[in-house]
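A.B. asks: Before anything else, here's the structure in question.
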Amino acid sequence: MRLPDYYEYCCRVKIVAGHEVLEEIPALLARLHAGRPMIITDPGVAAAGLLDVVTGALKDRIAIGAVADAVPPDSDLQAVSRLARVYGEKGCDAIIAVGGGSVMDTAKGVNVLVSEGGEDLLAFTGAGALKKRLKPLVAVPTTAGTGSEVTLVAVIADHENNRKIPFTSYFLLPDVAVVDSRMTLTLPDSITAQTAMDALCHAVEAYTCLAKNPVSDACALEAISLIAGNLLQVVENPGHRDGRLALATAATLAGMAFSNAMVGMVHTLGHSVGAVCRVPHGTCMAILLPYGLEYNMHKNGDEAGELLYALAGEAEFIRTPRDQRAQQTVARIRALNQALHEATGARHPRTLGEVRDRDGKALVPRGKLADIARVAQGDASIFYNPEELDVDDLLMVLEAAWAGLPLDPQRIKRG
Amino acid sequence: MNDFRKITPGGRPFTRIYLNVMLWFVGRAIQAAARQDPAVKREFAQLPEGFTFTLTAAPDGPSMVVSKDETGRVTYLGRRPANHPLNVKLTLKHMEGLFLLFTFRESTATATARDRLYVEGSLAEACAVVRILDIVQVYLLPKPVARLAVKRYPRWSFKRHAWDRTLVLLRTVLGV
Ligand SMILES: [Fe+2]
């Protein structure tokens, strides 16, 4: 492995993981000198019965100041201010966020207001705006994918001005990530597949893009082997507790990798497909991952080839000649998508053209690809991608991913 | 008490002068390319009126400011014009970071990957600024050096490489 001349890594989140770890939260909060948490979650989590599991595990041990179970999927500045007021009125002294990326982002925003005071979250944008520790924040992820329980970013919508505002600070990191297998045990098979493929993308991009470093590499490799070893089994047998814990752990590890090593063009394109066509993030990730590896292979083929060990195991790694390992990594990921497609009764799309909404309508019309390419030019993850992508390159990759054809190596421009 | 030596920072005057010269060149070259190069013209056309950006080093290193006025004309405004609102601020963590960038030992991408380059303001607009900087570096630098500064050395037409480059360099020096 080549070491970078310079790298930075920081992730100060305590991780508590297992099959019954929600019960630890009162003791964890006590150590942070808190005893009256506010629970922040969304209606989906509540409807799936997961909120009851959390409150059931806590209620005899700690007073819960307030339960906010109506965080909208695209939560905004108003929602954050409202929740911050409730926190104050109910005399809470900590936050437990139960949910996926959106709930985590909201909780991080609320934590800024309740810790720093004031009503206006916009006062805390910009580098270095936060200067001190916030209130204790416990993150309980309910999907095994985003890794937001260990990331320092919160994206909050500003619906009035139709924009999304990123907040970045080490102080936004949760104090504890509580990873309990019960939280993901009832996820439907297609959601399990999507979210795990998002985590796989975090790990693969962290390992193959420009900000890679030995610490994030270690997290990424372990995340990849946990996903490769468990995803299909869990999709076929959703109640598989150990498999669920493995995937949840993988998502957290992948979060630790990409929050420092960042992501590249798979996310550049994925964010844009999501923004233009409202396709779930994980679905975009699963479809686009092989293309990101193919496009960059002349630059990072060695790294992509190293991933074969984690993806396919020792025997296949040794059997594959060195110069074919990167290609084999791509083939392995395509095969995983195909297997997930079959195991979910075709609810795991393999191409952008195959993505449908609930009524069976195509979500990504071919005519939208040019718009998507234009939006992608403004996504900052493009900085971390090994090879340059101009608008024609972006469109060329989107067209291949739409049709499900491998990239034509002749059309990948080299300097 | 004489056992305890005091060290006063030197301030690295040579680095500062070098960077001021380089930033002056790049600022004027952006202005020149915005009037000569179709791709840079296109990038600026998509940025809002009054768009202003700066490239600098923390805490108070050398800097340059470029702005597009209401008529779409792009101008290098000098080192630090007072109270000009900024849309995008690219800040290197320290002067050494800027020095690595302008001695072409690190590209903007590498600087970003190594947590040396911070972006404030709109990220989408910052992406456009980086694309403009890349094109300008290809104009200013000989190929072997420019190769280190950008991810992929572009394949330009002979006209762009020869004729446009001559004009961009002329305009940079003359400031027209
Ligand atoms: Fe992601």
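For the structure tokens, the naming scheme is as follows: chains receive sequential letters (A, B, ...) according to their order of presentation, residues are indexed from 1 within each chain, and ligands are indexed from 1 in presentation order.
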Just want the 9 Å neighbourhood of Gly378 in chain A, counted on only C-alpha atoms, with same-chain residues fewer than 3 positions away dropped. Output as JSON, numbers by chain.
C.D. replies: {"A": [268, 374, 375, 381, 382], "B": [123, 124, 125, 126, 127, 128]}
A.B. asks: Enumerate the residues of range 91-129 of chain B with a DSSP assignment of strand (DSSP E), computed from the backbone, and present them as a list in words.
C.D. replies: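 Of range 91-129 of chain B, the ones in strand (DSSP E) are Thr91, Leu92, Leu117, Tyr118, Val119, Glu120 and Gly121 of chain B.
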A.B. asks: 12 Å from ligand 1 is the threshold here; counting only C-alpha atoms and all ligand atoms, which polymer residues fall inside it? Answer as number ranges by chain.
C.D. replies: A: 100-101, 144-148, 151, 194-206, 251, 254-255, 257-259, 262-271, 274, 280-286, 288-289, 381
A.B. asks: Select, from A:Leu77, A:Val112, A:Ala246, A:Leu187, the residue with the minimum atom-to-atom distance to Ile165 in chain A, counting only C-alpha atoms.
C.D. replies: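 Of A:Leu77, A:Val112, A:Ala246, A:Leu187, the one nearest Ile165 in chain A is A:Leu77, counting only C-alpha atoms.
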A.B. asks: Name all residues at most 9 Å from Asp242 in chain A (count only C-alpha atoms; drop same-chain ones fewer than 4 positions away) and give them as number ranges by chain.
C.D. replies: A: 19, 181, 230, 246-247
A.B. asks: Go ahead and dump the residues you just picked, N, CA, C and O atoms, as a tab-separated table (two decimals), in the first residue's frame.
C.D. replies:
```tsv
chain	number	residue	atom	x	y	z
A	19	HIS	N	-26.50	-6.83	20.04
A	19	HIS	CA	-27.90	-7.20	19.82
A	19	HIS	C	-28.84	-6.52	20.81
A	19	HIS	O	-30.00	-6.35	20.54
A	181	SER	N	-28.85	-4.28	16.66
A	181	SER	CA	-29.37	-5.06	15.52
A	181	SER	C	-30.90	-5.02	15.46
A	181	SER	O	-31.47	-5.18	14.39
A	230	ASN	N	-22.29	-10.78	4.07
A	230	ASN	CA	-23.58	-10.87	4.75
A	230	ASN	C	-24.79	-10.35	4.00
A	230	ASN	O	-25.91	-10.71	4.34
A	246	ALA	N	-23.82	-7.33	11.45
A	246	ALA	CA	-22.65	-7.20	10.57
A	246	ALA	C	-22.85	-6.04	9.60
A	246	ALA	O	-21.95	-5.21	9.38
A	247	LEU	N	-24.04	-5.95	8.99
A	247	LEU	CA	-24.31	-4.87	8.04
A	247	LEU	C	-24.32	-3.51	8.73
A	247	LEU	O	-23.81	-2.52	8.20
```
A.B. asks: Distance cut-off 7 Å, counting only C-alpha atoms - which residues of chain A neighbour chain B? Return them as a PyMOL selection string.
C.D. replies: chain A and resi 6-8+126+210-211+378-380+383-384+387-388+414-415
A.B. asks: Those same residues, written as an mmCIF file, in the first residue's frame with N, CA and C atoms?
C.D. replies:
```cif
data_model
loop_
_atom_site.group_PDB
_atom_site.id
_atom_site.type_symbol
_atom_site.label_atom_id
_atom_site.label_comp_id
_atom_site.auth_asym_id
_atom_site.auth_seq_id
_atom_site.Cartn_x
_atom_site.Cartn_y
_atom_site.Cartn_z
ATOM 1 N N TYR A 6 0.907 13.001 3.216
ATOM 2 C CA TYR A 6 0.251 13.774 4.256
ATOM 3 C C TYR A 6 -1.184 13.295 4.349
ATOM 4 N N TYR A 7 -1.688 13.102 5.555
ATOM 5 C CA TYR A 7 -3.132 12.845 5.673
ATOM 6 C C TYR A 7 -3.627 13.290 7.038
ATOM 7 N N GLU A 8 -4.944 13.488 7.111
ATOM 8 C CA GLU A 8 -5.584 13.812 8.387
ATOM 9 C C GLU A 8 -6.705 12.815 8.611
ATOM 10 N N GLY A 126 -20.606 28.171 7.888
ATOM 11 C CA GLY A 126 -19.228 28.655 7.710
ATOM 12 C C GLY A 126 -18.251 27.918 8.614
ATOM 13 N N LEU A 210 -9.202 10.331 -3.905
ATOM 14 C CA LEU A 210 -7.966 11.081 -3.664
ATOM 15 C C LEU A 210 -7.597 11.305 -2.198
ATOM 16 N N ALA A 211 -8.567 11.284 -1.289
ATOM 17 C CA ALA A 211 -8.231 11.569 0.111
ATOM 18 C C ALA A 211 -8.036 10.294 0.922
ATOM 19 N N GLY A 378 -21.731 20.705 -10.374
ATOM 20 C CA GLY A 378 -21.650 21.579 -9.213
ATOM 21 C C GLY A 378 -21.600 20.827 -7.896
ATOM 22 N N ASP A 379 -21.362 19.513 -7.944
ATOM 23 C CA ASP A 379 -21.319 18.738 -6.700
ATOM 24 C C ASP A 379 -19.868 18.604 -6.238
ATOM 25 N N ALA A 380 -19.619 19.018 -5.007
ATOM 26 C CA ALA A 380 -18.231 19.144 -4.554
ATOM 27 C C ALA A 380 -17.497 17.803 -4.452
ATOM 28 N N PHE A 383 -14.372 16.945 -6.661
ATOM 29 C CA PHE A 383 -12.986 17.288 -6.310
ATOM 30 C C PHE A 383 -12.154 16.056 -5.964
ATOM 31 N N TYR A 384 -12.794 15.096 -5.315
ATOM 32 C CA TYR A 384 -12.055 13.959 -4.748
ATOM 33 C C TYR A 384 -11.928 12.808 -5.724
ATOM 34 N N GLU A 387 -10.017 11.005 -11.572
ATOM 35 C CA GLU A 387 -9.933 11.523 -12.941
ATOM 36 C C GLU A 387 -10.897 12.681 -13.106
ATOM 37 N N GLU A 388 -10.536 13.582 -13.980
ATOM 38 C CA GLU A 388 -11.382 14.732 -14.333
ATOM 39 C C GLU A 388 -12.676 14.261 -14.985
ATOM 40 N N ARG A 414 -8.028 10.345 -21.549
ATOM 41 C CA ARG A 414 -6.860 10.383 -20.665
ATOM 42 C C ARG A 414 -6.019 11.596 -20.998
ATOM 43 N N GLY A 415 -5.305 12.092 -19.989
ATOM 44 C CA GLY A 415 -4.528 13.321 -20.197
ATOM 45 C C GLY A 415 -3.288 13.107 -21.028
#
```
A.B. asks: One decimal, in Å: what's the spacing between CA of Arg334 in chain A and CA of Val215 in chain A?
C.D. replies: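 If I compute the distance from CA of Arg334 in chain A to CA of Val215 in chain A, I get 27.4 Å.
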A.B. asks: Quick one: residues within 8 Å of Leu77 in chain B, only C-alpha atoms, excluding same-chain residues fewer than 4 positions away - as a list in words?
C.D. replies: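 Here the qualifying residues turn out to be Met64, Val65, Val66, Ser67 and Pro81 of chain B.
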A.B. asks: Determine the nearest neighbour of Ser63 in chain B from the options B:Gln36, B:Thr75, B:Gln31, B:Thr91, counting only C-alpha atoms.
C.D. replies: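 Of the candidates, the smallest distance to Ser63 in chain B is held by B:Thr91.
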A.B. asks: Mind checking DSSP for range 1-152 of chain B and telling me the alpha helix (DSSP H) residues as a ChimeraX atom specification?
C.D. replies: /B:13-36,38-46,95-102,108-113,123-140,143-149
A.B. asks: With a distance cut-off of 12 Å and only C-alpha atoms, select the neighbouring residues of Val364 in chain A, excluding the residue or stretch itself and same-chain residues fewer than 2 positions from it, and output the selection as a PDB file with N, CA and C atoms, in the first residue's frame.
C.D. replies:
```pdb
ATOM      1  N   SER A 272     -26.904  13.870  -7.957  1.00  0.00           N
ATOM      2  CA  SER A 272     -27.597  14.616  -9.009  1.00  0.00           C
ATOM      3  C   SER A 272     -28.797  13.845  -9.547  1.00  0.00           C
ATOM      4  N   VAL A 273     -28.663  12.521  -9.715  1.00  0.00           N
ATOM      5  CA  VAL A 273     -29.828  11.717 -10.126  1.00  0.00           C
ATOM      6  C   VAL A 273     -30.914  11.855  -9.056  1.00  0.00           C
ATOM      7  N   GLY A 274     -30.502  11.837  -7.798  1.00  0.00           N
ATOM      8  CA  GLY A 274     -31.458  11.973  -6.696  1.00  0.00           C
ATOM      9  C   GLY A 274     -32.151  13.327  -6.729  1.00  0.00           C
ATOM     10  N   ALA A 275     -31.366  14.393  -6.978  1.00  0.00           N
ATOM     11  CA  ALA A 275     -31.939  15.740  -6.940  1.00  0.00           C
ATOM     12  C   ALA A 275     -32.872  15.970  -8.121  1.00  0.00           C
ATOM     13  N   VAL A 276     -32.500  15.495  -9.303  1.00  0.00           N
ATOM     14  CA  VAL A 276     -33.299  15.783 -10.497  1.00  0.00           C
ATOM     15  C   VAL A 276     -34.501  14.842 -10.610  1.00  0.00           C
ATOM     16  N   CYS A 277     -34.312  13.558 -10.256  1.00  0.00           N
ATOM     17  CA  CYS A 277     -35.368  12.576 -10.516  1.00  0.00           C
ATOM     18  C   CYS A 277     -35.953  11.936  -9.247  1.00  0.00           C
ATOM     19  N   ARG A 278     -35.535  12.387  -8.077  1.00  0.00           N
ATOM     20  CA  ARG A 278     -36.060  11.868  -6.813  1.00  0.00           C
ATOM     21  C   ARG A 278     -35.920  10.345  -6.692  1.00  0.00           C
ATOM     22  N   VAL A 279     -34.768   9.827  -7.065  1.00  0.00           N
ATOM     23  CA  VAL A 279     -34.479   8.406  -6.906  1.00  0.00           C
ATOM     24  C   VAL A 279     -33.789   8.223  -5.546  1.00  0.00           C
ATOM     25  N   PRO A 280     -34.165   7.187  -4.772  1.00  0.00           N
ATOM     26  CA  PRO A 280     -33.498   6.984  -3.478  1.00  0.00           C
ATOM     27  C   PRO A 280     -31.979   6.866  -3.644  1.00  0.00           C
ATOM     28  N   THR A 283     -30.256   3.421  -4.222  1.00  0.00           N
ATOM     29  CA  THR A 283     -30.510   2.848  -5.546  1.00  0.00           C
ATOM     30  C   THR A 283     -29.518   3.410  -6.562  1.00  0.00           C
ATOM     31  N   CYS A 284     -29.323   4.736  -6.530  1.00  0.00           N
ATOM     32  CA  CYS A 284     -28.347   5.360  -7.433  1.00  0.00           C
ATOM     33  C   CYS A 284     -26.960   4.763  -7.183  1.00  0.00           C
ATOM     34  N   PRO A 349     -33.242  -2.339  -8.790  1.00  0.00           N
ATOM     35  CA  PRO A 349     -32.952  -2.078 -10.209  1.00  0.00           C
ATOM     36  C   PRO A 349     -31.463  -2.157 -10.507  1.00  0.00           C
ATOM     37  N   THR A 351     -30.222  -0.866 -13.628  1.00  0.00           N
ATOM     38  CA  THR A 351     -29.852   0.245 -14.517  1.00  0.00           C
ATOM     39  C   THR A 351     -30.713   1.453 -14.177  1.00  0.00           C
ATOM     40  N   LEU A 352     -30.278   2.648 -14.595  1.00  0.00           N
ATOM     41  CA  LEU A 352     -31.096   3.839 -14.338  1.00  0.00           C
ATOM     42  C   LEU A 352     -32.425   3.737 -15.084  1.00  0.00           C
ATOM     43  N   GLY A 353     -32.394   3.114 -16.269  1.00  0.00           N
ATOM     44  CA  GLY A 353     -33.622   2.950 -17.036  1.00  0.00           C
ATOM     45  C   GLY A 353     -34.637   2.055 -16.345  1.00  0.00           C
ATOM     46  N   GLU A 354     -34.148   1.179 -15.464  1.00  0.00           N
ATOM     47  CA  GLU A 354     -35.048   0.236 -14.776  1.00  0.00           C
ATOM     48  C   GLU A 354     -35.708   0.815 -13.532  1.00  0.00           C
ATOM     49  N   VAL A 355     -35.258   2.001 -13.085  1.00  0.00           N
ATOM     50  CA  VAL A 355     -35.783   2.531 -11.821  1.00  0.00           C
ATOM     51  C   VAL A 355     -37.234   2.983 -12.005  1.00  0.00           C
ATOM     52  N   ARG A 356     -38.131   2.435 -11.177  1.00  0.00           N
ATOM     53  CA  ARG A 356     -39.561   2.778 -11.267  1.00  0.00           C
ATOM     54  C   ARG A 356     -40.044   3.311  -9.924  1.00  0.00           C
ATOM     55  N   ASP A 357     -41.122   4.101  -9.977  1.00  0.00           N
ATOM     56  CA  ASP A 357     -41.759   4.467  -8.717  1.00  0.00           C
ATOM     57  C   ASP A 357     -42.778   3.386  -8.352  1.00  0.00           C
ATOM     58  N   GLY A 360     -45.036   2.035 -10.986  1.00  0.00           N
ATOM     59  CA  GLY A 360     -44.410   1.420 -12.154  1.00  0.00           C
ATOM     60  C   GLY A 360     -43.976   2.403 -13.218  1.00  0.00           C
ATOM     61  N   LYS A 361     -44.024   3.710 -12.891  1.00  0.00           N
ATOM     62  CA  LYS A 361     -43.606   4.713 -13.875  1.00  0.00           C
ATOM     63  C   LYS A 361     -42.087   4.890 -13.824  1.00  0.00           C
ATOM     64  N   ALA A 362     -41.444   5.004 -15.004  1.00  0.00           N
ATOM     65  CA  ALA A 362     -39.988   5.176 -15.035  1.00  0.00           C
ATOM     66  C   ALA A 362     -39.615   6.503 -14.380  1.00  0.00           C
ATOM     67  N   ARG A 366     -34.795   9.097 -20.181  1.00  0.00           N
ATOM     68  CA  ARG A 366     -33.504   9.312 -20.833  1.00  0.00           C
ATOM     69  C   ARG A 366     -33.246  10.786 -21.119  1.00  0.00           C
ATOM     70  N   GLY A 367     -34.318  11.527 -21.416  1.00  0.00           N
ATOM     71  CA  GLY A 367     -34.198  12.952 -21.730  1.00  0.00           C
ATOM     72  C   GLY A 367     -33.676  13.791 -20.584  1.00  0.00           C
ATOM     73  N   LYS A 368     -33.707  13.254 -19.368  1.00  0.00           N
ATOM     74  CA  LYS A 368     -33.249  14.025 -18.196  1.00  0.00           C
ATOM     75  C   LYS A 368     -31.743  13.915 -17.976  1.00  0.00           C
ATOM     76  N   LEU A 369     -31.085  12.997 -18.694  1.00  0.00           N
ATOM     77  CA  LEU A 369     -29.678  12.730 -18.379  1.00  0.00           C
ATOM     78  C   LEU A 369     -28.803  13.969 -18.548  1.00  0.00           C
ATOM     79  N   ALA A 370     -29.120  14.814 -19.545  1.00  0.00           N
ATOM     80  CA  ALA A 370     -28.301  16.013 -19.760  1.00  0.00           C
ATOM     81  C   ALA A 370     -28.436  16.970 -18.574  1.00  0.00           C
ATOM     82  N   ASP A 371     -29.677  17.102 -18.045  1.00  0.00           N
ATOM     83  CA  ASP A 371     -29.882  17.941 -16.849  1.00  0.00           C
ATOM     84  C   ASP A 371     -29.066  17.406 -15.678  1.00  0.00           C
ATOM     85  N   ILE A 372     -29.112  16.085 -15.517  1.00  0.00           N
ATOM     86  CA  ILE A 372     -28.399  15.462 -14.392  1.00  0.00           C
ATOM     87  C   ILE A 372     -26.901  15.757 -14.511  1.00  0.00           C
ATOM     88  N   LEU A 398     -23.555   8.480 -17.531  1.00  0.00           N
ATOM     89  CA  LEU A 398     -24.988   8.356 -17.250  1.00  0.00           C
ATOM     90  C   LEU A 398     -25.691   7.525 -18.323  1.00  0.00           C
ATOM     91  N   GLU A 399     -25.308   7.730 -19.582  1.00  0.00           N
ATOM     92  CA  GLU A 399     -25.968   6.989 -20.667  1.00  0.00           C
ATOM     93  C   GLU A 399     -25.681   5.495 -20.559  1.00  0.00           C
ATOM     94  N   ALA A 401     -24.962   3.905 -17.763  1.00  0.00           N
ATOM     95  CA  ALA A 401     -25.658   3.402 -16.579  1.00  0.00           C
ATOM     96  C   ALA A 401     -27.159   3.321 -16.821  1.00  0.00           C
ATOM     97  N   TRP A 402     -27.654   4.161 -17.710  1.00  0.00           N
ATOM     98  CA  TRP A 402     -29.088   4.129 -18.034  1.00  0.00           C
ATOM     99  C   TRP A 402     -29.422   2.829 -18.777  1.00  0.00           C
ATOM    100  N   ALA A 403     -28.543   2.490 -19.719  1.00  0.00           N
ATOM    101  CA  ALA A 403     -28.796   1.310 -20.544  1.00  0.00           C
ATOM    102  C   ALA A 403     -28.256   0.029 -19.917  1.00  0.00           C
TER     103      ALA A 403
END
```
A.B. asks: Set the distance at 10 Å and use only C-alpha atoms: which residues neighbour range 170-177 of chain A once local chain neighbours fewer than 2 positions away are removed? I'd like the list as an MDAnalysis selection string.
C.D. replies: chainID A and resid 10:17 25 28:29 32 95:97 104:105 107:109 111:112 128 130:141 147:154 167:168 179:180 252
A.B. asks: So the first atom is CA of Tyr295 in chain A and the second is CA of Leu407 in chain A; what is the distance between them in Å, to one decimal place?
C.D. replies: 7.3 Å
A.B. asks: In terms of the shortest atom-to-atom distance over only C-alpha atoms, which of B:Leu117, B:Val138, B:Leu55, B:Leu92 is closest to Ala162 in chain B?
C.D. replies: B:Val138
